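Colleague: Data: protein.cif, mmCIF, C-alpha atoms.
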```cif
data_entry
loop_
_atom_site.label_atom_id
_atom_site.label_comp_id
_atom_site.auth_asym_id
_atom_site.auth_seq_id
_atom_site.Cartn_x
_atom_site.Cartn_y
_atom_site.Cartn_z
CA MET A 4 100.41 8.48 72.86
CA ILE A 5 100.49 9.04 76.63
CA ARG A 6 103.95 9.29 78.23
CA TYR A 7 104.61 9.51 81.96
CA LEU A 8 107.75 11.63 82.19
CA LYS A 9 107.68 11.86 85.98
CA LYS A 10 105.83 9.57 88.36
CA GLY A 11 105.03 9.90 92.06
CA ILE A 12 105.45 7.28 94.75
CA SER A 13 104.42 3.72 93.97
CA ALA A 14 101.08 2.14 94.87
CA ASP A 15 102.85 -0.16 97.34
CA GLU A 16 104.46 2.79 99.13
CA GLN A 17 101.10 4.56 99.29
CA PHE A 18 99.42 1.44 100.68
CA ALA A 19 102.03 1.10 103.42
CA ALA A 20 101.57 4.75 104.39
CA ASP A 21 97.79 4.30 104.45
CA GLU A 22 98.11 1.28 106.73
CA ARG A 23 100.13 3.27 109.27
CA VAL A 24 97.53 6.04 109.22
CA ARG A 25 94.65 3.58 109.67
CA SER A 26 96.24 1.95 112.70
CA THR A 27 97.05 5.23 114.42
CA VAL A 28 93.56 6.64 113.86
CA ASP A 29 91.88 3.47 115.09
CA ASP A 30 93.79 3.68 118.37
CA ILE A 31 92.87 7.33 118.94
CA LEU A 32 89.19 6.83 118.16
CA ARG A 33 88.97 3.88 120.52
CA ASP A 34 90.68 5.86 123.29
CA VAL A 35 88.35 8.86 122.92
CA ALA A 36 85.31 6.58 122.84
CA GLU A 37 86.40 5.02 126.13
CA ASN A 38 87.95 7.99 127.92
CA GLY A 39 86.28 11.07 126.44
CA ASP A 40 87.62 14.45 127.53
CA THR A 41 90.64 12.88 129.24
CA ALA A 42 91.78 11.29 125.99
CA VAL A 43 91.11 14.45 123.98
CA ARG A 44 93.26 16.46 126.37
CA SER A 45 96.01 13.85 126.33
CA TYR A 46 96.29 13.90 122.52
CA SER A 47 96.07 17.69 122.40
CA GLU A 48 99.00 17.89 124.81
CA ARG A 49 100.93 15.26 122.88
CA PHE A 50 100.42 16.56 119.35
CA ASP A 51 99.86 20.31 119.84
CA GLN A 52 101.30 21.02 123.29
CA TRP A 53 97.92 22.56 124.05
CA SER A 54 95.98 22.07 127.28
CA PRO A 55 93.90 25.13 128.28
CA LEU A 56 91.39 25.11 131.11
CA SER A 57 88.68 24.78 128.45
CA PHE A 58 89.00 23.97 124.78
CA LYS A 59 85.77 25.88 124.16
CA LEU A 60 86.16 29.62 123.67
CA SER A 61 83.89 31.85 125.72
CA ASP A 62 81.96 34.74 124.21
CA GLY A 63 84.38 37.12 125.89
CA GLN A 64 87.40 35.36 124.42
CA ILE A 65 85.88 35.42 120.94
CA GLU A 66 85.09 39.12 121.21
CA SER A 67 88.61 39.88 122.39
CA ILE A 68 90.16 37.82 119.58
CA ILE A 69 88.11 39.62 116.93
CA ASP A 70 88.94 43.01 118.43
CA SER A 71 92.64 42.17 118.16
CA LEU A 72 92.52 41.90 114.38
CA PRO A 73 93.07 44.81 111.97
CA ASP A 74 89.94 46.21 110.34
CA HIS A 75 91.11 45.17 106.87
CA VAL A 76 91.31 41.52 107.95
CA ILE A 77 87.70 41.57 109.15
CA SER A 78 86.70 43.37 105.94
CA ASP A 79 88.42 40.77 103.77
CA ILE A 80 86.78 37.91 105.68
CA ARG A 81 83.38 39.54 105.29
CA PHE A 82 83.97 39.99 101.55
CA ALA A 83 84.90 36.34 101.07
CA GLN A 84 81.93 35.20 103.12
CA SER A 85 79.57 37.36 101.11
CA GLN A 86 80.71 35.62 97.90
CA ILE A 87 80.37 32.15 99.40
CA ARG A 88 77.00 32.95 101.01
CA ASN A 89 75.63 34.33 97.75
CA PHE A 90 76.51 31.21 95.75
CA ALA A 91 75.32 28.87 98.52
CA GLU A 92 71.98 30.67 98.68
CA LYS A 93 71.59 30.29 94.92
CA GLN A 94 72.34 26.58 95.24
CA LYS A 95 69.82 26.19 98.05
CA GLY A 96 67.23 27.89 95.90
CA ALA A 97 67.61 25.07 93.39
CA LEU A 98 66.47 22.54 96.02
CA LEU A 99 62.69 22.46 95.92
CA ASP A 100 60.13 20.51 97.90
CA ILE A 101 57.73 18.68 95.61
CA GLU A 102 54.33 16.98 95.85
CA VAL A 103 52.70 15.29 92.89
CA GLU A 104 49.54 13.26 92.30
CA THR A 105 50.88 10.21 90.46
CA LEU A 106 47.51 8.44 90.21
CA PRO A 107 44.07 9.69 91.18
CA GLY A 108 44.16 9.93 94.97
CA VAL A 109 47.86 8.97 95.27
CA PHE A 110 50.18 11.79 96.39
CA LEU A 111 53.97 11.47 96.59
CA GLY A 112 56.43 14.11 97.65
CA HIS A 113 59.74 14.96 99.15
CA LYS A 114 60.91 17.53 101.68
CA ASN A 115 64.39 18.97 102.01
CA ILE A 116 65.23 18.83 105.72
CA PRO A 117 68.49 20.26 107.15
CA VAL A 118 70.64 18.06 109.38
CA ASN A 119 70.10 19.01 113.04
CA SER A 120 73.73 19.34 114.17
CA VAL A 121 77.09 19.50 112.40
CA GLY A 122 80.71 19.55 113.50
CA CYS A 123 83.01 21.56 111.22
CA TYR A 124 86.72 20.86 111.18
CA VAL A 125 88.92 23.74 110.10
CA PRO A 126 92.53 22.60 109.53
CA GLY A 127 95.45 24.45 111.04
CA GLY A 128 98.89 23.25 111.99
CA ARG A 129 101.32 25.02 109.67
CA TYR A 130 98.73 27.29 108.05
CA PRO A 131 95.66 29.01 109.53
CA MET A 132 93.01 27.75 107.11
CA VAL A 133 90.70 30.72 107.50
CA ALA A 134 88.76 29.96 104.31
CA SER A 135 87.72 26.52 105.52
CA ALA A 136 85.58 28.22 108.16
CA HIS A 137 83.57 29.95 105.45
CA MET A 138 83.23 26.79 103.43
CA SER A 139 81.90 24.62 106.24
CA VAL A 140 80.29 26.75 108.96
CA LEU A 141 78.70 29.35 106.68
CA THR A 142 77.44 26.77 104.18
CA ALA A 143 75.88 24.71 106.98
CA LYS A 144 74.10 27.80 108.29
CA VAL A 145 72.80 28.74 104.84
CA ALA A 146 71.46 25.19 104.59
CA GLY A 147 69.54 25.73 107.84
CA VAL A 148 71.51 23.51 110.23
CA GLY A 149 70.37 24.27 113.78
CA LYS A 150 73.59 23.66 115.74
CA VAL A 151 77.05 24.12 114.27
CA ILE A 152 80.19 23.58 116.30
CA ALA A 153 83.65 24.26 114.91
CA CYS A 154 87.12 23.01 115.81
CA THR A 155 90.53 24.24 114.76
CA PRO A 156 93.97 23.47 116.21
CA PRO A 157 96.32 25.97 117.82
CA ILE A 158 99.29 27.06 115.73
CA GLU A 159 102.58 26.86 117.61
CA GLY A 160 100.79 27.36 120.91
CA ASP A 161 98.65 30.29 119.81
CA ILE A 162 94.97 30.62 118.97
CA PRO A 163 94.57 31.35 115.23
CA ALA A 164 92.73 34.65 115.60
CA ALA A 165 91.64 35.13 111.97
CA THR A 166 90.25 31.58 111.84
CA VAL A 167 88.25 32.15 115.01
CA ALA A 168 86.90 35.42 113.59
CA ALA A 169 85.86 33.64 110.39
CA MET A 170 84.14 30.87 112.37
CA HIS A 171 82.23 33.39 114.46
CA LEU A 172 81.25 35.62 111.54
CA ALA A 173 80.11 32.53 109.63
CA GLY A 174 77.70 31.69 112.46
CA ALA A 175 79.37 28.96 114.55
CA ASP A 176 77.43 28.30 117.75
CA ASP A 177 80.43 26.92 119.66
CA ILE A 178 84.14 27.20 118.85
CA TYR A 179 86.81 24.82 120.18
CA ILE A 180 90.56 25.13 119.90
CA VAL A 181 91.48 21.51 119.41
CA GLY A 182 92.75 19.74 116.32
CA GLY A 183 93.46 16.49 114.58
CA VAL A 184 91.82 13.11 115.02
CA GLN A 185 90.99 13.97 118.64
CA ALA A 186 88.82 16.88 117.46
CA ILE A 187 86.99 14.70 114.94
CA ALA A 188 86.44 12.03 117.59
CA MET A 189 85.24 14.57 120.17
CA MET A 190 82.61 15.98 117.83
CA ALA A 191 81.48 12.65 116.39
CA LEU A 192 81.47 10.52 119.53
CA GLY A 193 80.74 13.16 122.14
CA THR A 194 82.32 13.51 125.57
CA ASP A 195 81.11 14.68 128.98
CA SER A 196 81.62 18.28 127.86
CA VAL A 197 80.65 18.08 124.17
CA ASP A 198 77.46 16.64 122.70
CA SER A 199 77.93 14.43 119.66
CA VAL A 200 76.82 15.82 116.31
CA ASP A 201 74.96 14.19 113.43
CA MET A 202 77.53 15.01 110.76
CA ILE A 203 81.23 15.87 110.43
CA VAL A 204 82.52 18.06 107.59
CA GLY A 205 85.71 19.76 106.54
CA PRO A 206 89.06 19.00 104.93
CA GLY A 207 92.23 17.88 106.68
CA ASN A 208 95.33 15.74 106.45
CA ALA A 209 95.40 11.99 105.88
CA TYR A 210 94.68 11.32 109.57
CA VAL A 211 91.62 13.55 109.63
CA ALA A 212 90.30 11.98 106.41
CA GLU A 213 90.84 8.49 107.84
CA ALA A 214 89.05 9.42 111.07
CA LYS A 215 86.05 10.55 109.05
CA ARG A 216 86.15 7.34 107.02
CA GLN A 217 86.19 5.15 110.14
CA LEU A 218 83.40 7.13 111.78
CA PHE A 219 81.12 7.16 108.74
CA GLY A 220 77.89 5.41 109.62
CA ARG A 221 78.04 6.43 113.23
CA VAL A 222 77.81 9.98 111.91
CA GLY A 223 77.41 11.38 108.43
CA ILE A 224 80.36 12.91 106.62
CA ASP A 225 80.61 15.28 103.70
CA LEU A 226 83.27 13.37 101.76
CA LEU A 227 86.81 12.11 102.13
CA ALA A 228 88.71 15.37 101.66
CA GLY A 229 92.30 14.45 102.43
CA PRO A 230 95.58 16.03 101.29
CA THR A 231 95.09 18.58 98.53
CA GLU A 232 95.46 17.48 94.89
CA THR A 233 95.88 19.60 91.80
CA LEU A 234 95.93 18.80 88.11
CA VAL A 235 97.12 21.44 85.64
CA ILE A 236 96.05 20.80 82.04
CA ALA A 237 97.96 22.91 79.55
CA ASP A 238 98.63 23.30 75.87
CA ASP A 239 101.09 25.65 74.18
CA SER A 240 98.75 28.64 74.59
CA THR A 241 100.12 29.12 78.12
CA ASP A 242 103.66 29.24 79.49
CA VAL A 243 105.83 27.08 81.68
CA ALA A 244 106.22 29.69 84.45
CA THR A 245 102.46 29.90 85.01
CA CYS A 246 102.16 26.10 85.06
CA ALA A 247 104.96 25.79 87.62
CA THR A 248 103.45 28.53 89.79
CA ASP A 249 100.07 26.83 89.81
CA LEU A 250 101.55 23.41 90.59
CA LEU A 251 103.63 24.71 93.50
CA GLY A 252 100.74 26.86 94.71
CA GLN A 253 98.97 23.65 95.71
CA ALA A 254 102.01 21.48 96.48
CA GLU A 255 102.76 23.82 99.38
CA HIS A 256 99.71 22.50 101.24
CA GLY A 257 101.68 19.54 102.58
CA PRO A 258 104.34 16.95 101.79
CA THR A 259 101.78 14.45 100.48
CA SER A 260 99.86 16.76 98.14
CA PRO A 261 99.93 15.49 94.54
CA ALA A 262 100.55 18.08 91.82
CA VAL A 263 100.24 16.79 88.26
CA LEU A 264 101.02 18.47 84.95
CA LEU A 265 99.09 17.07 81.99
CA THR A 266 100.10 18.69 78.73
CA THR A 267 100.29 18.44 74.96
CA SER A 268 103.20 20.91 74.89
CA HIS A 269 106.63 19.28 74.51
CA GLU A 270 108.23 22.59 75.50
CA ILE A 271 106.31 22.84 78.78
CA ALA A 272 106.91 19.15 79.55
CA ASP A 273 110.64 19.51 78.90
CA LYS A 274 111.08 22.73 80.86
CA ILE A 275 108.75 22.22 83.83
CA GLU A 276 111.31 20.55 86.11
CA GLY A 277 113.82 23.33 85.64
CA GLU A 278 111.17 25.99 86.22
CA ILE A 279 109.92 24.21 89.34
CA GLN A 280 113.44 24.11 90.77
CA LYS A 281 113.97 27.77 89.88
CA GLN A 282 110.77 28.86 91.64
CA LEU A 283 111.56 26.72 94.68
CA THR A 284 114.65 28.87 95.31
CA THR A 285 112.42 31.86 96.14
CA LEU A 286 109.19 30.26 97.39
CA PRO A 287 108.86 30.78 101.16
CA THR A 288 107.10 27.41 101.50
CA ALA A 289 109.70 25.53 99.46
CA ASP A 290 110.54 23.20 102.34
CA ILE A 291 107.10 21.62 101.98
CA ALA A 292 106.42 22.14 98.27
CA ALA A 293 109.75 20.61 97.24
CA ILE A 294 109.02 17.37 99.09
CA SER A 295 105.51 17.20 97.69
CA TRP A 296 106.74 17.72 94.13
CA ARG A 297 109.60 15.24 94.55
CA ASP A 298 107.44 12.44 95.96
CA TYR A 299 104.01 13.08 94.44
CA GLY A 300 104.56 15.31 91.42
CA GLN A 301 103.86 13.95 87.94
CA VAL A 302 104.43 15.11 84.38
CA ILE A 303 102.31 13.47 81.68
CA LEU A 304 102.70 14.29 77.98
CA CYS A 305 99.85 13.62 75.55
CA ASP A 306 99.44 14.09 71.81
CA THR A 307 95.78 15.19 71.68
CA GLU A 308 93.07 16.88 73.71
CA GLU A 309 91.14 13.60 73.62
CA GLU A 310 94.03 11.99 75.50
CA LEU A 311 94.13 14.91 77.95
CA ILE A 312 90.44 14.38 78.76
CA LYS A 313 90.86 10.60 79.06
CA VAL A 314 93.81 10.83 81.45
CA ALA A 315 92.23 13.65 83.45
CA ASP A 316 89.11 11.57 84.06
CA GLU A 317 91.28 8.62 85.13
CA ILE A 318 93.15 10.83 87.62
CA ALA A 319 89.87 12.31 88.96
CA SER A 320 91.73 15.11 90.70
CA GLU A 321 90.34 17.37 93.40
CA HIS A 322 91.29 20.56 91.52
CA VAL A 323 91.57 20.67 87.74
CA GLN A 324 92.97 23.84 86.21
CA VAL A 325 92.51 24.03 82.44
CA MET A 326 94.80 26.38 80.52
CA THR A 327 94.07 25.56 76.89
CA ARG A 328 92.69 27.38 73.88
CA ASN A 329 89.21 25.98 74.47
CA PRO A 330 88.89 25.28 78.21
CA ARG A 331 85.12 24.86 78.07
CA ARG A 332 85.57 21.67 76.06
CA PHE A 333 86.77 20.10 79.30
CA LEU A 334 83.64 21.35 81.08
CA ASP A 335 81.56 19.73 78.36
CA GLU A 336 83.40 16.39 78.24
CA MET A 337 85.10 15.70 81.58
CA THR A 338 83.13 13.71 84.17
CA ASN A 339 85.52 13.12 87.10
CA TYR A 340 86.77 16.16 89.02
CA GLY A 341 86.20 18.00 92.28
CA ALA A 342 86.17 21.47 90.72
CA LEU A 343 87.17 22.91 87.37
CA PHE A 344 89.03 26.19 86.93
CA LEU A 345 88.64 27.27 83.35
CA GLY A 346 91.18 29.45 81.57
CA GLU A 347 94.42 31.11 82.60
CA ARG A 348 92.55 34.03 84.20
CA THR A 349 91.07 31.59 86.74
CA ASN A 350 93.12 29.66 89.27
CA VAL A 351 92.72 27.26 92.18
CA ALA A 352 93.70 29.86 94.77
CA TYR A 353 90.64 31.92 93.83
CA GLY A 354 88.43 28.93 94.51
CA ASP A 355 90.29 28.07 97.70
CA LYS A 356 89.85 31.49 99.24
CA VAL A 357 87.24 33.82 97.85
CA ILE A 358 85.49 33.34 94.52
CA GLY A 359 82.38 31.77 96.03
CA THR A 360 82.42 28.05 95.25
CA ASN A 361 83.25 25.60 98.04
CA HIS A 362 86.81 24.41 98.46
CA THR A 363 86.07 21.21 100.38
CA LEU A 364 86.36 18.76 97.51
CA PRO A 365 86.79 15.02 96.87
CA THR A 366 90.29 13.51 96.82
CA ARG A 367 91.85 10.08 96.22
CA LYS A 368 89.69 9.48 93.13
CA SER A 369 86.42 9.91 95.02
CA ALA A 370 85.46 12.50 92.41
CA ARG A 371 84.34 9.46 90.42
CA TYR A 372 81.23 9.24 92.61
CA THR A 373 80.77 12.47 94.55
CA GLY A 374 81.02 16.19 94.19
CA GLY A 375 82.29 18.64 96.78
CA LEU A 376 80.72 20.19 99.84
CA TRP A 377 77.67 22.38 99.18
CA VAL A 378 74.40 23.24 100.89
CA GLY A 379 72.86 20.03 99.58
CA LYS A 380 75.29 17.95 101.65
CA PHE A 381 73.67 19.34 104.80
CA ILE A 382 70.14 18.60 103.62
CA LYS A 383 68.25 15.30 103.66
CA THR A 384 65.78 14.84 100.83
CA CYS A 385 63.10 12.72 102.51
CA THR A 386 60.10 11.23 100.73
CA TYR A 387 56.51 10.86 101.94
CA GLN A 388 53.38 9.18 100.59
CA GLU A 389 49.69 9.78 101.17
CA ILE A 390 46.69 7.98 99.66
CA ARG A 391 43.62 10.17 99.98
CA THR A 392 40.81 8.02 98.53
CA PRO A 393 39.61 4.45 99.23
CA GLU A 394 39.60 3.70 95.50
CA ALA A 395 43.30 4.53 95.24
CA SER A 396 44.24 2.40 98.23
CA ALA A 397 42.32 -0.58 96.87
CA ARG A 398 43.89 -0.19 93.42
CA ILE A 399 47.46 0.08 94.71
CA GLY A 400 46.75 -2.76 97.15
CA GLU A 401 45.78 -5.22 94.44
CA TYR A 402 49.10 -4.72 92.63
CA CYS A 403 51.02 -4.78 95.89
CA SER A 404 49.39 -8.05 97.02
CA ARG A 405 50.39 -9.89 93.86
CA LEU A 406 53.94 -8.50 93.91
CA CYS A 407 54.40 -9.49 97.57
CA ALA A 408 53.26 -13.03 96.78
CA LEU A 409 55.78 -13.13 93.92
CA GLU A 410 58.53 -12.56 96.53
CA ASN A 411 56.99 -14.79 99.24
CA PHE A 412 56.55 -11.82 101.58
CA TRP A 413 53.32 -13.00 103.19
CA GLY A 414 53.28 -10.42 105.97
CA HIS A 415 53.70 -7.68 103.40
CA LYS A 416 50.88 -9.24 101.36
CA LYS A 417 48.58 -9.15 104.37
CA GLN A 418 49.21 -5.41 104.77
CA ALA A 419 47.94 -4.93 101.23
CA ASP A 420 45.08 -7.44 101.45
CA ILE A 421 43.50 -5.93 104.55
CA ARG A 422 43.25 -2.59 102.77
CA VAL A 423 41.96 -4.09 99.54
CA GLU A 424 39.20 -5.79 101.53
CA LYS A 425 38.40 -2.69 103.59
CA TYR A 426 38.52 -0.07 100.87
CA SER A 427 37.03 -2.06 97.98
CA GLU A 428 33.79 -2.19 99.91
CA ILE A 429 33.88 1.54 100.59
CA ALA A 430 34.80 2.35 97.03
CA GLY A 431 32.00 0.19 95.68
CA SER A 432 29.29 1.56 97.95
#
```
Re-express the file's structure as structure tokens.

Modeller:
Amino acid sequence: MIRYLKKGISADEQFAADERVRSTVDDILRDVAENGDTAVRSYSERFDQWSPLSFKLSDGQIESIIDSLPDHVISDIRFAQSQIRNFAEKQKGALLDIEVETLPGVFLGHKNIPVNSVGCYVPGGRYPMVASAHMSVLTAKVAGVGKVIACTPPIEGDIPAATVAAMHLAGADDIYIVGGVQAIAMMALGTDSVDSVDMIVGPGNAYVAEAKRQLFGRVGIDLLAGPTETLVIADDSTDVATCATDLLGQAEHGPTSPAVLLTTSHEIADKIEGEIQKQLTTLPTADIAAISWRDYGQVILCDTEEELIKVADEIASEHVQVMTRNPRRFLDEMTNYGALFLGERTNVAYGDKVIGTNHTLPTRKSARYTGGLWVGKFIKTCTYQEIRTPEASARIGEYCSRLCALENFWGHKKQADIRVEKYSEIAGS
């Protein structure tokens, strides 16, 4: 039996919040489309109190920012990037161009072609999201993207130095200190000072995710990576303190970040609320995490692992942390998740920051139909066809002619017929 011991906000409340976000984003996108740099500056002043002479950092500014950081910070960034680069390169190696002869004289193939230009959004605001620079900029460069620009907001009026260093070390061609919907619009739509890109990637809050959704089609996007979600799956082989720590470790992202406990342990289910409240008394980010847990936290008690898997797939969470006796069963049987973290020795923070997989992952149940950001998201797999003999063209043409007639596509049929007539004679001579 599946019992929901704690539920988050209702679907109606979520819909109303989504409607407010949609309306606000629509207004900003329209303004930037019409007024370009002027609108970007206006929103930057309004939301971030930020209006420098240029949003784009010069080479000298970047060098000075990097020089201001302690050596150990640069070393840690380089270590994280080496892990992410290594895994991304292995993933790219799995993408192969192919060409096959499907019939005598008929050759079909595909090529993997990187996107020409990408805009990477690196969230900021309360936290300098240094790792998001690795995940987007570096992965795009490993994929072979020619031009990568990166945007991140100021934090309380200051340039986030470590984020800028990570962007630069990851290979960003241009770096802009501007955030929010206005940054997404600037990169996607272009302004007098910024050329539009072909694709926008990167996580962000609900407004950033909605901006990407509204702009999809005009530009490509990676996925709808909105407020962070985490699902902790636990049995009685783990403990309540670890579960609470891992729930709050993601709830601190923002006040709308769902954190869900899914367990077969009555003890953990009964004690989790008390442990959460205990840990909130010492957590420096409790002001955010407490709201997130109150409004979006859930506790779900199941009787069996089969029920755990069923409910987990229904939730389709961005992060799924499995702390059970046999965590690899969930790898074998689950189908809907952004990323799995298997066993108590593994945790979401490792994936967020350093282990090597990408932390830009699907949210809001989009894990039902897409995976997370990886080199393949920056690469177009494009097909081509070539018929090299007259006999092959005539043979394919005969089938094509009849199939076109079946659909009443007479112009299509003529394309086939002219080649049947031309190449049948050649083939028969």

Colleague: Please expand the PyMOL selection byres ((chain A and resi 278-293) around 8) into the concrete residues it hits in this file, giving the result as an MDAnalysis selection string.

Modeller: chainID A and resid 243:244 247:248 251 254:258 274:277 294:297

Colleague: Write out as JSON lines the residues of segment 170-267 of chain A that have any atom within 7 Å of an atom of segment 365-369 of chain A, one row each with the nearest atom pair and its distance in Å to one decimal, counting all atoms listed in the file, sorted by chain and then rising number.

Modeller:
```
{"residue": "A:Leu226", "atom": "CA", "partner": "A:Pro365", "partner_atom": "CA", "distance": 6.2}
{"residue": "A:Leu227", "atom": "CA", "partner": "A:Pro365", "partner_atom": "CA", "distance": 6.0}
{"residue": "A:Ala228", "atom": "CA", "partner": "A:Pro365", "partner_atom": "CA", "distance": 5.2}
{"residue": "A:Gly229", "atom": "CA", "partner": "A:Thr366", "partner_atom": "CA", "distance": 6.0}
{"residue": "A:Glu232", "atom": "CA", "partner": "A:Thr366", "partner_atom": "CA", "distance": 6.8}
```

Colleague: With all atoms listed in the file as the atoms that count, which of A:Gly39, A:Gly346, A:Gly207, A:Pro107 lies nearest to Ala188 of chain A?

Modeller: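 Using all atoms listed in the file, Ala188 of chain A sits closest to A:Gly39.
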
Colleague: Between A:Thr241, A:Ile390, A:Thr338, A:Gly400, single out the one closest to Val325 of chain A, counting all atoms listed in the file.

Modeller: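 Closest residue, counting all atoms listed in the file: A:Thr241.
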
Colleague: Since I can't run it myself right now, could you work out what the PyMOL selection byres ((chain A and resi 420) around 12) selects here and report it as a list of chain:residue names?

Modeller: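 With the shown file as input, the PyMOL selection byres ((chain A and resi 420) around 12) matches A:Ser396, A:Ala397, A:Arg398, A:Ile399, A:Gly400, A:Glu401, A:Tyr402, A:Cys403, A:Ser404, A:Arg405, A:Leu406, A:Cys407, A:Ala408, A:Trp413, A:Gly414, A:His415, A:Lys416, A:Lys417, A:Gln418, A:Ala419, A:Ile421, A:Arg422, A:Val423, A:Glu424, A:Lys425, A:Tyr426, A:Ser427.
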
Colleague: Since we have the selection now, will you write its residues out, keeping C-alpha atoms, as a short mmCIF file (atom, residue, chain, number, x, y, z; two decimals), keeping the file's coordinate frame?

Modeller:
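The new file result31.cif reads:
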```cif
data_model
loop_
_atom_site.label_atom_id
_atom_site.label_comp_id
_atom_site.auth_asym_id
_atom_site.auth_seq_id
_atom_site.Cartn_x
_atom_site.Cartn_y
_atom_site.Cartn_z
CA SER A 396 44.24 2.40 98.23
CA ALA A 397 42.32 -0.58 96.87
CA ARG A 398 43.89 -0.19 93.42
CA ILE A 399 47.46 0.08 94.71
CA GLY A 400 46.75 -2.76 97.15
CA GLU A 401 45.78 -5.22 94.44
CA TYR A 402 49.10 -4.72 92.63
CA CYS A 403 51.02 -4.78 95.89
CA SER A 404 49.39 -8.05 97.02
CA ARG A 405 50.39 -9.89 93.86
CA LEU A 406 53.94 -8.50 93.91
CA CYS A 407 54.40 -9.49 97.57
CA ALA A 408 53.26 -13.03 96.78
CA TRP A 413 53.32 -13.00 103.19
CA GLY A 414 53.28 -10.42 105.97
CA HIS A 415 53.70 -7.68 103.40
CA LYS A 416 50.88 -9.24 101.36
CA LYS A 417 48.58 -9.15 104.37
CA GLN A 418 49.21 -5.41 104.77
CA ALA A 419 47.94 -4.93 101.23
CA ILE A 421 43.50 -5.93 104.55
CA ARG A 422 43.25 -2.59 102.77
CA VAL A 423 41.96 -4.09 99.54
CA GLU A 424 39.20 -5.79 101.53
CA LYS A 425 38.40 -2.69 103.59
CA TYR A 426 38.52 -0.07 100.87
CA SER A 427 37.03 -2.06 97.98
#
```

Colleague: Would you mind listing what lies within 10 Å of Ala352 of chain A as a list in words, with all atoms listed in the file counted and same-chain residues fewer than 4 positions away left out?

Modeller: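 Neighbouring residues, sequence-local ones excluded: Asp249, Gly252, Gln253, Phe344, Lys356, Val357, Ile358 and His362 of chain A.
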
Colleague: Select, counting only C-alpha atoms, all protein, DNA and RNA residues no farther than 10 Å from (75.4, 20.2, 103.9) in file coordinates, and express the selection as a VMD selection string.

Modeller: chain A and resid 117 to 118 121 139 to 140 142 to 148 202 to 204 224 to 225 376 to 383

Colleague: Could you tell me which residues the PyMOL selection byres ((chain A and resi 307-313) around 12) grabs in this file, written as a PyMOL selection string?

Modeller: chain A and resi 4-6+234-239+264-269+303-306+314-319+323+325-340
